[in-house]
file target.tsv (TSV, C-alpha atoms)
chain	number	residue	atom	x	y	z
A	1	MET	CA	24.30	-24.07	-116.24
A	2	ALA	CA	21.91	-25.36	-118.88
A	3	LEU	CA	22.44	-22.77	-121.59
A	4	ARG	CA	24.93	-21.66	-124.17
A	5	PHE	CA	25.04	-18.07	-125.42
A	6	GLU	CA	27.07	-17.24	-128.48
A	7	VAL	CA	27.25	-13.75	-130.01
A	8	LEU	CA	27.27	-14.03	-133.82
A	9	ALA	CA	27.35	-10.39	-134.91
A	10	ARG	CA	27.56	-6.93	-133.42
A	11	PHE	CA	26.77	-3.36	-134.39
A	12	ASN	CA	27.97	-0.88	-131.74
A	13	ARG	CA	26.24	-2.21	-128.61
A	14	ALA	CA	23.60	-4.30	-130.37
A	15	ARG	CA	24.23	-8.00	-130.86
A	16	ALA	CA	22.69	-11.00	-132.61
A	17	ALA	CA	23.28	-14.29	-130.82
A	18	THR	CA	22.21	-17.90	-130.48
A	19	LEU	CA	20.81	-18.88	-127.11
A	20	THR	CA	20.83	-22.66	-126.77
A	21	LEU	CA	18.38	-23.89	-124.15
A	22	PRO	CA	17.46	-27.47	-123.16
A	23	HIS	CA	14.40	-27.47	-125.45
A	24	PHE	CA	15.37	-25.11	-128.28
A	25	GLU	CA	18.12	-23.17	-129.98
A	26	CYS	CA	16.91	-19.56	-130.11
A	27	ASN	CA	18.07	-16.57	-132.11
A	28	THR	CA	18.24	-13.29	-130.25
A	29	PRO	CA	17.05	-10.57	-129.96
A	30	LEU	CA	13.75	-12.33	-129.27
A	31	PHE	CA	10.27	-11.47	-128.06
A	32	MET	CA	8.39	-13.84	-125.75
A	33	PRO	CA	4.60	-13.86	-125.84
A	34	VAL	CA	2.97	-14.21	-122.42
A	35	GLY	CA	0.94	-17.41	-122.00
A	36	THR	CA	-0.52	-16.79	-118.58
A	37	GLN	CA	-2.24	-20.11	-118.09
A	38	GLY	CA	0.07	-22.16	-120.29
A	39	THR	CA	-1.64	-20.85	-123.43
A	40	ILE	CA	-1.45	-17.75	-125.60
A	41	LYS	CA	-5.10	-16.71	-125.70
A	42	GLY	CA	-6.73	-17.93	-128.90
A	43	LEU	CA	-3.65	-19.48	-130.55
A	44	THR	CA	-2.52	-23.09	-130.79
A	45	THR	CA	1.08	-24.13	-130.14
A	46	ASN	CA	1.33	-25.07	-133.85
A	47	GLN	CA	0.38	-21.55	-134.84
A	48	LEU	CA	3.01	-20.15	-132.47
A	49	GLU	CA	5.63	-22.35	-134.12
A	50	ASP	CA	4.48	-21.16	-137.59
A	51	ILE	CA	4.86	-17.53	-136.51
A	52	GLY	CA	8.43	-18.24	-135.36
A	53	CYS	CA	7.90	-17.95	-131.62
A	54	GLN	CA	10.89	-19.45	-129.76
A	55	ILE	CA	10.12	-19.01	-126.06
A	56	ILE	CA	6.74	-18.69	-124.33
A	57	LEU	CA	6.44	-17.10	-120.92
A	58	GLY	CA	4.28	-18.82	-118.30
A	59	ASN	CA	3.01	-17.08	-115.15
A	60	THR	CA	3.98	-19.12	-112.11
A	61	TYR	CA	1.29	-17.49	-109.97
A	62	HIS	CA	-1.56	-18.47	-112.29
A	63	LEU	CA	-0.19	-21.96	-112.98
A	64	ALA	CA	0.30	-22.61	-109.24
A	65	LEU	CA	-3.36	-21.72	-108.59
A	66	ARG	CA	-4.57	-23.93	-111.40
A	67	PRO	CA	-3.88	-26.54	-112.57
A	68	THR	CA	-1.19	-26.45	-109.75
A	69	SER	CA	2.51	-27.15	-110.12
A	70	GLU	CA	2.10	-30.57	-108.52
A	71	LEU	CA	-0.30	-31.66	-111.26
A	72	ILE	CA	1.91	-30.21	-114.03
A	73	ASP	CA	4.87	-32.11	-112.54
A	74	GLU	CA	2.84	-35.33	-112.30
A	75	LEU	CA	1.82	-35.00	-115.95
A	76	GLY	CA	5.44	-34.63	-117.09
A	77	GLY	CA	6.10	-30.87	-116.87
A	78	LEU	CA	4.65	-27.83	-118.65
A	79	HIS	CA	6.23	-28.56	-122.07
A	80	LYS	CA	4.40	-31.86	-122.27
A	81	PHE	CA	1.24	-30.57	-120.60
A	82	MET	CA	0.71	-27.75	-123.11
A	83	ASN	CA	2.33	-29.59	-126.04
A	84	TRP	CA	5.04	-27.00	-126.65
A	85	PRO	CA	8.34	-28.45	-127.95
A	86	ARG	CA	10.30	-25.21	-127.83
A	87	ALA	CA	11.59	-23.18	-124.87
A	88	LEU	CA	9.63	-21.91	-121.86
A	89	LEU	CA	10.36	-19.25	-119.26
A	90	THR	CA	8.46	-18.88	-116.00
A	91	ASP	CA	8.33	-15.75	-113.86
A	92	SER	CA	8.65	-15.99	-110.09
A	93	GLY	CA	5.04	-15.14	-109.21
A	94	GLY	CA	6.03	-12.07	-107.21
A	95	PHE	CA	4.96	-9.45	-109.73
A	96	GLN	CA	1.44	-10.91	-110.04
A	97	MET	CA	0.97	-10.70	-106.31
A	98	VAL	CA	1.89	-7.07	-106.20
A	99	SER	CA	-0.10	-6.15	-109.31
A	100	LEU	CA	-3.19	-8.31	-108.75
A	101	LEU	CA	-3.45	-8.34	-104.99
A	102	HIS	CA	-3.55	-4.97	-103.39
A	103	LEU	CA	-3.17	-6.77	-100.10
A	104	ALA	CA	0.25	-8.25	-100.76
A	105	ASP	CA	2.66	-7.53	-97.93
A	106	ILE	CA	6.39	-8.02	-98.51
A	107	THR	CA	8.63	-8.93	-95.58
A	108	GLU	CA	12.09	-10.51	-95.32
A	109	LYS	CA	10.45	-13.96	-95.30
A	110	GLY	CA	8.61	-13.49	-98.58
A	111	VAL	CA	5.37	-12.14	-100.07
A	112	THR	CA	2.26	-12.58	-97.91
A	113	PHE	CA	-1.03	-12.38	-99.79
A	114	GLN	CA	-4.64	-13.40	-99.43
A	115	SER	CA	-5.48	-16.59	-101.28
A	116	PRO	CA	-7.84	-15.76	-104.15
A	117	VAL	CA	-9.36	-19.21	-103.55
A	118	ASP	CA	-10.40	-18.96	-99.88
A	119	GLY	CA	-9.11	-15.60	-98.64
A	120	LYS	CA	-6.65	-17.17	-96.20
A	121	PRO	CA	-3.24	-15.51	-95.85
A	122	MET	CA	-0.54	-17.32	-97.83
A	123	LEU	CA	3.22	-16.81	-98.03
A	124	LEU	CA	5.33	-17.09	-101.17
A	125	THR	CA	9.00	-17.39	-100.18
A	126	PRO	CA	12.00	-17.40	-102.55
A	127	GLU	CA	12.41	-21.11	-101.75
A	128	GLU	CA	8.81	-21.90	-102.60
A	129	SER	CA	8.85	-19.88	-105.83
A	130	ILE	CA	11.87	-21.91	-107.01
A	131	GLN	CA	10.29	-25.20	-105.87
A	132	ILE	CA	7.14	-24.44	-107.87
A	133	GLN	CA	9.22	-23.46	-110.92
A	134	ASN	CA	11.33	-26.63	-110.58
A	135	ARG	CA	8.09	-28.64	-110.80
A	136	ILE	CA	6.80	-26.68	-113.81
A	137	GLY	CA	10.08	-27.37	-115.61
A	138	ALA	CA	10.68	-24.28	-117.80
A	139	ASP	CA	14.08	-23.77	-119.51
A	140	ILE	CA	14.51	-20.43	-117.72
A	141	ILE	CA	13.23	-19.66	-114.23
A	142	MET	CA	13.23	-16.27	-112.54
A	143	ALA	CA	14.35	-15.41	-109.03
A	144	LEU	CA	11.75	-14.03	-106.63
A	145	ASP	CA	12.57	-10.35	-106.19
A	146	ASP	CA	11.13	-7.54	-104.10
A	147	VAL	CA	8.98	-5.62	-106.57
A	148	VAL	CA	8.43	-1.89	-106.29
A	149	LYS	CA	6.65	0.37	-108.79
A	150	THR	CA	9.28	2.55	-110.53
A	151	THR	CA	7.31	5.66	-109.77
A	152	ILE	CA	7.98	5.17	-106.01
A	153	THR	CA	11.09	6.92	-104.62
A	154	GLY	CA	12.91	7.02	-101.32
A	155	PRO	CA	14.19	4.35	-98.91
A	156	ARG	CA	11.74	1.69	-100.14
A	157	ILE	CA	13.68	1.39	-103.45
A	158	GLU	CA	16.93	0.81	-101.61
A	159	GLU	CA	15.34	-1.72	-99.24
A	160	ALA	CA	13.89	-3.68	-102.17
A	161	MET	CA	17.21	-3.73	-104.03
A	162	TYR	CA	19.16	-5.10	-101.06
A	163	ARG	CA	16.41	-7.61	-100.31
A	164	THR	CA	16.51	-8.78	-103.94
A	165	LEU	CA	20.23	-9.51	-103.45
A	166	ARG	CA	19.59	-11.42	-100.21
A	167	TRP	CA	16.79	-13.39	-101.84
A	168	ILE	CA	18.91	-14.41	-104.87
A	169	ASP	CA	21.10	-16.45	-102.51
A	170	ARG	CA	18.01	-18.17	-101.11
A	171	CYS	CA	16.85	-18.88	-104.68
A	172	ILE	CA	20.23	-20.32	-105.68
A	173	ALA	CA	20.27	-22.54	-102.59
A	174	ALA	CA	16.73	-23.79	-103.25
A	175	HIS	CA	17.27	-24.51	-106.97
A	176	LYS	CA	17.39	-28.29	-107.37
A	177	ARG	CA	17.64	-28.59	-111.19
A	178	PRO	CA	20.52	-26.31	-112.25
A	179	ASN	CA	21.53	-28.68	-115.06
A	180	GLU	CA	18.06	-28.58	-116.67
A	181	GLN	CA	16.79	-25.10	-115.74
A	182	ASN	CA	18.56	-21.73	-115.83
A	183	LEU	CA	17.99	-19.37	-112.92
A	184	PHE	CA	18.12	-15.70	-113.95
A	185	GLY	CA	18.63	-12.92	-111.40
A	186	ILE	CA	16.77	-9.61	-111.66
A	187	VAL	CA	18.48	-6.21	-111.42
A	188	GLN	CA	16.43	-3.81	-109.28
A	189	GLY	CA	17.15	-0.31	-107.96
A	190	GLY	CA	14.45	1.90	-109.47
A	191	LEU	CA	15.74	4.89	-111.42
A	192	ASP	CA	18.73	5.38	-109.11
A	193	PRO	CA	22.01	4.67	-110.96
A	194	VAL	CA	23.93	4.03	-107.73
A	195	LEU	CA	21.45	1.38	-106.54
A	196	ARG	CA	21.29	-0.21	-109.99
A	197	ASP	CA	25.07	-0.43	-110.02
A	198	ILE	CA	25.25	-2.11	-106.60
A	199	CYS	CA	22.59	-4.59	-107.69
A	200	VAL	CA	24.23	-5.42	-111.03
A	201	ARG	CA	27.57	-6.01	-109.34
A	202	GLY	CA	26.02	-8.20	-106.65
A	203	LEU	CA	24.24	-10.36	-109.20
A	204	VAL	CA	27.23	-10.63	-111.53
A	205	ASP	CA	29.31	-11.87	-108.57
A	206	ARG	CA	26.88	-14.79	-108.29
A	207	LYS	CA	27.76	-15.97	-111.81
A	208	LEU	CA	24.20	-16.72	-112.96
A	209	PRO	CA	23.34	-18.14	-116.41
A	210	GLY	CA	21.52	-14.94	-117.38
A	211	TYR	CA	20.29	-11.60	-116.06
A	212	ALA	CA	17.06	-9.62	-116.24
A	213	ILE	CA	16.51	-5.90	-115.87
A	214	GLY	CA	13.40	-5.52	-113.73
A	215	GLY	CA	11.26	-2.77	-112.29
A	216	LEU	CA	10.79	-0.88	-115.58
A	217	ALA	CA	7.89	-0.48	-118.01
A	218	GLY	CA	5.75	0.72	-115.12
A	219	GLY	CA	4.98	4.29	-116.01
A	220	GLU	CA	8.39	6.00	-115.88
A	221	ASP	CA	9.26	8.34	-118.77
A	222	LYS	CA	11.14	6.89	-121.75
A	223	ASP	CA	14.36	8.77	-121.07
A	224	SER	CA	14.70	7.36	-117.55
A	225	PHE	CA	13.74	3.89	-118.77
A	226	TRP	CA	16.27	3.84	-121.61
A	227	ARG	CA	18.96	5.32	-119.34
A	228	VAL	CA	18.57	2.45	-116.84
A	229	VAL	CA	18.65	-0.14	-119.64
A	230	ALA	CA	21.80	1.47	-121.11
A	231	GLN	CA	23.47	1.46	-117.70
A	232	CYS	CA	22.59	-2.15	-116.89
A	233	THR	CA	23.48	-3.65	-120.28
A	234	ALA	CA	26.85	-1.87	-120.15
A	235	ALA	CA	27.65	-3.42	-116.75
A	236	LEU	CA	26.31	-6.96	-117.35
A	237	PRO	CA	28.61	-9.69	-118.72
A	238	ASP	CA	28.92	-9.81	-122.49
A	239	ASP	CA	28.65	-13.61	-122.67
A	240	LYS	CA	25.28	-13.95	-120.91
A	241	PRO	CA	21.75	-13.17	-122.12
A	242	ARG	CA	20.11	-9.92	-120.98
A	243	TYR	CA	16.33	-9.81	-120.55
A	244	VAL	CA	14.33	-6.58	-120.18
A	245	MET	CA	11.15	-7.58	-118.38
A	246	GLY	CA	7.69	-6.37	-119.38
A	247	VAL	CA	8.81	-4.48	-122.48
A	248	GLY	CA	6.74	-4.99	-125.62
A	249	TYR	CA	6.20	-1.79	-127.57
A	250	PRO	CA	8.03	-2.23	-130.89
A	251	LEU	CA	9.92	1.07	-130.47
A	252	ASP	CA	11.17	0.10	-127.00
A	253	ILE	CA	12.37	-3.27	-128.27
A	254	VAL	CA	14.35	-1.67	-131.09
A	255	VAL	CA	15.93	0.87	-128.72
A	256	CYS	CA	16.75	-1.73	-126.05
A	257	SER	CA	18.25	-4.03	-128.69
A	258	ALA	CA	20.43	-1.17	-129.90
A	259	LEU	CA	21.55	-0.82	-126.26
A	260	GLY	CA	22.58	-4.48	-126.09
A	261	ALA	CA	19.52	-6.28	-124.65
A	262	ASP	CA	18.49	-9.70	-125.99
A	263	MET	CA	15.09	-10.76	-124.63
A	264	TYR	CA	11.69	-9.16	-124.02
A	265	ASP	CA	8.21	-10.16	-122.91
A	266	CYS	CA	4.90	-8.34	-122.80
A	267	VAL	CA	1.14	-8.91	-122.94
A	268	TYR	CA	0.75	-5.85	-125.19
A	269	PRO	CA	0.56	-7.51	-128.68
A	270	THR	CA	-2.13	-10.02	-127.64
A	271	ARG	CA	-3.98	-7.74	-125.22
A	272	THR	CA	-4.22	-4.94	-127.78
A	273	ALA	CA	-5.48	-7.53	-130.32
A	274	ARG	CA	-8.40	-8.34	-128.03
A	275	PHE	CA	-9.36	-4.66	-128.13
A	276	GLY	CA	-9.42	-4.75	-131.93
A	277	THR	CA	-6.06	-3.10	-132.57
A	278	ALA	CA	-3.47	-4.31	-135.10
A	279	LEU	CA	0.25	-3.48	-135.05
A	280	VAL	CA	1.50	-2.11	-138.37
A	281	PRO	CA	4.75	-0.41	-139.48
A	282	GLU	CA	3.10	3.02	-139.16
A	283	GLY	CA	2.00	2.30	-135.57
A	284	VAL	CA	-1.45	0.87	-134.90
A	285	LEU	CA	-4.61	0.23	-136.89
A	286	LYS	CA	-7.94	0.26	-135.05
A	287	LEU	CA	-10.09	-2.34	-136.77
A	288	LYS	CA	-13.24	-1.28	-134.90
A	289	HIS	CA	-13.42	2.04	-136.74
A	290	ASN	CA	-16.24	2.33	-139.26
A	291	ALA	CA	-13.69	3.39	-141.87
A	292	MET	CA	-12.67	-0.29	-141.95
A	293	ALA	CA	-16.13	-1.60	-142.84
A	294	GLU	CA	-15.54	-1.57	-146.62
A	295	ASP	CA	-11.73	-1.65	-146.70
A	296	LEU	CA	-10.66	-4.62	-148.82
A	297	ARG	CA	-6.94	-4.31	-148.12
A	298	PRO	CA	-5.09	-6.63	-145.74
A	299	ILE	CA	-4.14	-5.27	-142.30
A	300	ASP	CA	-0.60	-4.70	-143.57
A	301	ALA	CA	0.37	-5.04	-147.23
A	302	THR	CA	4.01	-5.69	-146.27
A	303	CYS	CA	3.15	-8.57	-143.93
A	304	THR	CA	3.36	-12.19	-145.11
A	305	CYS	CA	1.43	-13.73	-142.20
A	306	MET	CA	-1.51	-16.09	-142.75
A	307	VAL	CA	-3.98	-13.38	-141.70
A	308	CYS	CA	-2.69	-10.69	-144.06
A	309	LYS	CA	-2.56	-13.22	-146.90
A	310	ASN	CA	-6.15	-14.38	-146.41
A	311	TYR	CA	-8.37	-11.78	-144.80
A	312	THR	CA	-9.42	-8.19	-145.43
A	313	ARG	CA	-9.74	-5.34	-142.96
A	314	ALA	CA	-13.48	-5.34	-143.69
A	315	TYR	CA	-13.81	-8.99	-142.67
A	316	ILE	CA	-11.85	-8.56	-139.45
A	317	HIS	CA	-13.82	-5.38	-138.71
A	318	SER	CA	-17.05	-7.38	-138.96
A	319	LEU	CA	-15.73	-9.91	-136.41
A	320	VAL	CA	-13.72	-7.83	-134.09
A	321	THR	CA	-16.18	-7.03	-131.35
A	322	LYS	CA	-18.63	-9.85	-131.90
A	323	ASP	CA	-16.63	-13.00	-132.45
A	324	ALA	CA	-13.62	-14.62	-130.74
A	325	MET	CA	-12.23	-15.30	-134.20
A	326	GLY	CA	-11.55	-11.56	-134.61
A	327	SER	CA	-9.19	-11.37	-131.65
A	328	GLN	CA	-7.58	-14.69	-132.64
A	329	LEU	CA	-6.74	-13.41	-136.12
A	330	LEU	CA	-5.44	-10.13	-134.71
A	331	SER	CA	-3.35	-11.94	-132.05
A	332	TYR	CA	-1.85	-14.08	-134.80
A	333	HIS	CA	-0.98	-11.02	-136.88
A	334	ASN	CA	0.32	-8.98	-133.94
A	335	LEU	CA	2.63	-11.76	-132.76
A	336	SER	CA	3.86	-12.30	-136.34
A	337	TYR	CA	4.57	-8.58	-136.45
A	338	MET	CA	6.54	-8.78	-133.17
A	339	MET	CA	8.59	-11.69	-134.48
A	340	ARG	CA	9.38	-9.59	-137.57
A	341	VAL	CA	10.34	-6.50	-135.55
A	342	HIS	CA	13.31	-8.52	-134.40
A	343	MET	CA	14.34	-9.53	-137.85
A	344	HIS	CA	14.07	-5.91	-138.96
A	345	GLY	CA	15.79	-4.72	-135.82
A	346	LEU	CA	18.68	-6.85	-137.08
A	347	MET	CA	18.76	-5.53	-140.62
A	348	PHE	CA	21.86	-3.54	-139.80
A	349	TYR	CA	23.83	-6.79	-139.65
A	350	ASP	CA	23.23	-7.54	-143.32

call {"tool": "encode", "arguments": {"input": "target.tsv", "output": "structure tokens"}}
result
Amino acid sequence: MALRFEVLARFNRARAATLTLPHFECNTPLFMPVGTQGTIKGLTTNQLEDIGCQIILGNTYHLALRPTSELIDELGGLHKFMNWPRALLTDSGGFQMVSLLHLADITEKGVTFQSPVDGKPMLLTPEESIQIQNRIGADIIMALDDVVKTTITGPRIEEAMYRTLRWIDRCIAAHKRPNEQNLFGIVQGGLDPVLRDICVRGLVDRKLPGYAIGGLAGGEDKDSFWRVVAQCTAALPDDKPRYVMGVGYPLDIVVCSALGADMYDCVYPTRTARFGTALVPEGVLKLKHNAMAEDLRPIDATCTCMVCKNYTRAYIHSLVTKDAMGSQLLSYHNLSYMMRVHMHGLMFYD
């Protein structure tokens, strides 16, 4: 195990902790921006450090296509390649196949998909996912799991949950760098409490360094989503980090933190920035609206980020659809806002 997790304070089920990883000592709860290709669109690694970002998420699928995991390995690993001194987490690549490739076919062997490069069928196995992630070198690597949309019901959910448990053993066996990289398992089971329970217990038996709650944030209603998170966090070990995958709306992060989760990732703050939308305490601010054209206030008067200190809504409005700078400034602000949500989420410890 290459991590240390120490709970510093609690309030009911919520907790503040330090998560010590090979490259960085992080404070949780924490939000991880998604840097698909080893970059957060439009921001430099220095800017991410300024904002207080602690872990960046890299997509194994995209990195394996280009520049390839072999090249990243040859050039000294992803930290060095992208010049990021803090922590990294890579996903397994499975989710991208299912979401991007309608032709992905999941069997016991692995995920078969058509190569986006030449259209030939390719197979991603649990072993290969781990091998690729071992080459990329992130602090946290994710097991390949059998992904099902939460809105699906019936025997397919059960099949995927049991397969996820069989695959975790293949991932553990294939993992060659357990002293430098932490393999997290992923709890599946859809919205069925019985299946979730079987999966949690199976993963906890394997004594992994950390655990993720997967298969949510895919269109289910909030009540079902929060219920599954509450169930899983209650059953997972207290001394290990808990990661809710794909969750990035500020409200969801606050609720999940209150339920005892520690880590989150989502494309939402940066994606919404590219559409001209800023995150503010009241909700969102659409900078494209004509009402912004002469508004000399900052995006958010309570925000201390570089963008809110230096630029007006009117200026960002003039850029937002025409210039890359607009979405860069909004991405910077939105990620600053997400980093602050955590600090505010923790106000009850003061």

call {"tool": "atom_distance", "arguments": {"input": "target.tsv", "atom1": "atom CA of Gly52 of chain A", "atom2": "atom CA of Ile136 of chain A"}}
result
23.2 Å

call {"tool": "closest_atom_pairs", "arguments": {"input": "target.tsv", "of": "segment 24-123 of chain A", "to": "segment 316-332 of chain A", "cutoff": "12 Å", "atoms": "all atoms listed in the file", "output": "tab-separated table"}}
result
residue	atom	partner	partner_atom	distance
A:Pro33	CA	A:Ser331	CA	10.3
A:Val34	CA	A:Ser331	CA	11.7
A:Ile40	CA	A:Ser331	CA	8.9
A:Lys41	CA	A:Gln328	CA	7.6
A:Gly42	CA	A:Gln328	CA	5.0
A:Leu43	CA	A:Gln328	CA	6.5
A:Thr44	CA	A:Tyr332	CA	9.9
A:Thr45	CA	A:Tyr332	CA	11.5
A:Asn46	CA	A:Tyr332	CA	11.5
A:Gln47	CA	A:Tyr332	CA	7.8
A:Leu48	CA	A:Tyr332	CA	8.1
A:Glu49	CA	A:Tyr332	CA	11.2
A:Asp50	CA	A:Tyr332	CA	9.9
A:Ile51	CA	A:Tyr332	CA	7.7
A:Gly52	CA	A:Tyr332	CA	11.1
A:Cys53	CA	A:Tyr332	CA	11.0

call {"tool": "write_last_selection", "arguments": {"input": "target.tsv", "atoms": "C-alpha atoms", "output": "compact mmCIF listing (two decimals), keeping the file's coordinate frame"}}
result
# COMPACT_ATOMS: atom_id res chain seq x y z
CA PRO A 33 4.60 -13.86 -125.84
CA VAL A 34 2.97 -14.21 -122.42
CA ILE A 40 -1.45 -17.75 -125.60
CA LYS A 41 -5.10 -16.71 -125.70
CA GLY A 42 -6.73 -17.93 -128.90
CA LEU A 43 -3.65 -19.48 -130.55
CA THR A 44 -2.52 -23.09 -130.79
CA THR A 45 1.08 -24.13 -130.14
CA ASN A 46 1.33 -25.07 -133.85
CA GLN A 47 0.38 -21.55 -134.84
CA LEU A 48 3.01 -20.15 -132.47
CA GLU A 49 5.63 -22.35 -134.12
CA ASP A 50 4.48 -21.16 -137.59
CA ILE A 51 4.86 -17.53 -136.51
CA GLY A 52 8.43 -18.24 -135.36
CA CYS A 53 7.90 -17.95 -131.62

call {"tool": "closest_residue", "arguments": {"input": "target.tsv", "among": "A:Thr304, A:Gln54, A:Asn334, A:Thr90", "to": "Arg271 of chain A", "atoms": "all atoms listed in the file"}}
result
A:Asn334

call {"tool": "residues_around", "arguments": {"input": "target.tsv", "residues": "Ala261 of chain A", "least_positions_apart": "4", "cutoff": "6 Å", "atoms": "only C-alpha atoms", "output": "ChimeraX atom specification"}}
result
/A:242,256-257

call {"tool": "atom_distance", "arguments": {"input": "target.tsv", "atom1": "atom CA of Tyr264 of chain A", "atom2": "atom CA of Ile213 of chain A"}}
result
10.0 Å

call {"tool": "residues_near_point", "arguments": {"input": "target.tsv", "point": "(12.2, -15.3, -105.6)", "cutoff": "10 Å", "atoms": "all atoms listed in the file", "output": "JSON, numbers by chain"}}
result
{"A": [91, 92, 93, 94, 110, 111, 124, 125, 126, 127, 128, 129, 130, 141, 142, 143, 144, 145, 146, 164, 166, 167, 168, 169, 170, 171, 172, 174, 185, 186]}

call {"tool": "residues_around", "arguments": {"input": "target.tsv", "residues": "Met82 of chain A", "least_positions_apart": "4", "cutoff": "9 Å", "atoms": "all atoms listed in the file", "output": "PyMOL selection string"}}
result
chain A and resi 38-39+45+77-78

call {"tool": "decode", "arguments": {"input": "target.tsv", "residues": "segment 182-198 of chain A", "atoms": "N, CA and C atoms", "output": "PDB file, in the first residue's frame"}}
result
ATOM      1  N   ASN A 182      -1.576   2.948  -5.868  1.00  0.00           N
ATOM      2  CA  ASN A 182      -2.668   2.395  -5.074  1.00  0.00           C
ATOM      3  C   ASN A 182      -3.818   1.970  -5.963  1.00  0.00           C
ATOM      4  N   LEU A 183      -4.152   0.691  -5.924  1.00  0.00           N
ATOM      5  CA  LEU A 183      -5.271   0.181  -6.713  1.00  0.00           C
ATOM      6  C   LEU A 183      -6.567   0.303  -5.912  1.00  0.00           C
ATOM      7  N   PHE A 184      -7.526   1.059  -6.452  1.00  0.00           N
ATOM      8  CA  PHE A 184      -8.845   1.198  -5.819  1.00  0.00           C
ATOM      9  C   PHE A 184      -9.832   0.269  -6.527  1.00  0.00           C
ATOM     10  N   GLY A 185     -10.686  -0.392  -5.746  1.00  0.00           N
ATOM     11  CA  GLY A 185     -11.785  -1.174  -6.312  1.00  0.00           C
ATOM     12  C   GLY A 185     -13.023  -0.304  -6.444  1.00  0.00           C
ATOM     13  N   ILE A 186     -13.965  -0.744  -7.281  1.00  0.00           N
ATOM     14  CA  ILE A 186     -15.157   0.063  -7.559  1.00  0.00           C
ATOM     15  C   ILE A 186     -16.419  -0.720  -7.194  1.00  0.00           C
ATOM     16  N   VAL A 187     -17.214  -0.149  -6.290  1.00  0.00           N
ATOM     17  CA  VAL A 187     -18.466  -0.787  -5.875  1.00  0.00           C
ATOM     18  C   VAL A 187     -19.519  -0.575  -6.956  1.00  0.00           C
ATOM     19  N   GLN A 188     -20.053  -1.676  -7.491  1.00  0.00           N
ATOM     20  CA  GLN A 188     -21.136  -1.627  -8.465  1.00  0.00           C
ATOM     21  C   GLN A 188     -22.383  -2.249  -7.859  1.00  0.00           C
ATOM     22  N   GLY A 189     -23.448  -2.379  -8.649  1.00  0.00           N
ATOM     23  CA  GLY A 189     -24.685  -2.974  -8.149  1.00  0.00           C
ATOM     24  C   GLY A 189     -25.909  -2.127  -8.421  1.00  0.00           C
ATOM     25  N   GLY A 190     -25.751  -1.112  -9.269  1.00  0.00           N
ATOM     26  CA  GLY A 190     -26.903  -0.293  -9.663  1.00  0.00           C
ATOM     27  C   GLY A 190     -27.576   0.335  -8.464  1.00  0.00           C
ATOM     28  N   LEU A 191     -28.910   0.351  -8.471  1.00  0.00           N
ATOM     29  CA  LEU A 191     -29.662   0.976  -7.378  1.00  0.00           C
ATOM     30  C   LEU A 191     -30.189  -0.095  -6.419  1.00  0.00           C
ATOM     31  N   ASP A 192     -29.689  -1.327  -6.569  1.00  0.00           N
ATOM     32  CA  ASP A 192     -30.170  -2.440  -5.747  1.00  0.00           C
ATOM     33  C   ASP A 192     -29.329  -2.579  -4.482  1.00  0.00           C
ATOM     34  N   PRO A 193     -29.924  -2.320  -3.307  1.00  0.00           N
ATOM     35  CA  PRO A 193     -29.145  -2.344  -2.057  1.00  0.00           C
ATOM     36  C   PRO A 193     -28.519  -3.712  -1.766  1.00  0.00           C
ATOM     37  N   VAL A 194     -29.195  -4.783  -2.155  1.00  0.00           N
ATOM     38  CA  VAL A 194     -28.656  -6.127  -1.893  1.00  0.00           C
ATOM     39  C   VAL A 194     -27.382  -6.343  -2.707  1.00  0.00           C
ATOM     40  N   LEU A 195     -27.418  -5.973  -3.991  1.00  0.00           N
ATOM     41  CA  LEU A 195     -26.241  -6.143  -4.854  1.00  0.00           C
ATOM     42  C   LEU A 195     -25.109  -5.235  -4.393  1.00  0.00           C
ATOM     43  N   ARG A 196     -25.437  -4.015  -4.033  1.00  0.00           N
ATOM     44  CA  ARG A 196     -24.400  -3.084  -3.546  1.00  0.00           C
ATOM     45  C   ARG A 196     -23.719  -3.668  -2.311  1.00  0.00           C
ATOM     46  N   ASP A 197     -24.520  -4.264  -1.440  1.00  0.00           N
ATOM     47  CA  ASP A 197     -23.978  -4.816  -0.204  1.00  0.00           C
ATOM     48  C   ASP A 197     -23.024  -5.976  -0.485  1.00  0.00           C
ATOM     49  N   ILE A 198     -23.419  -6.863  -1.379  1.00  0.00           N
ATOM     50  CA  ILE A 198     -22.559  -8.003  -1.745  1.00  0.00           C
ATOM     51  C   ILE A 198     -21.241  -7.481  -2.323  1.00  0.00           C
TER      52      ILE A 198
END
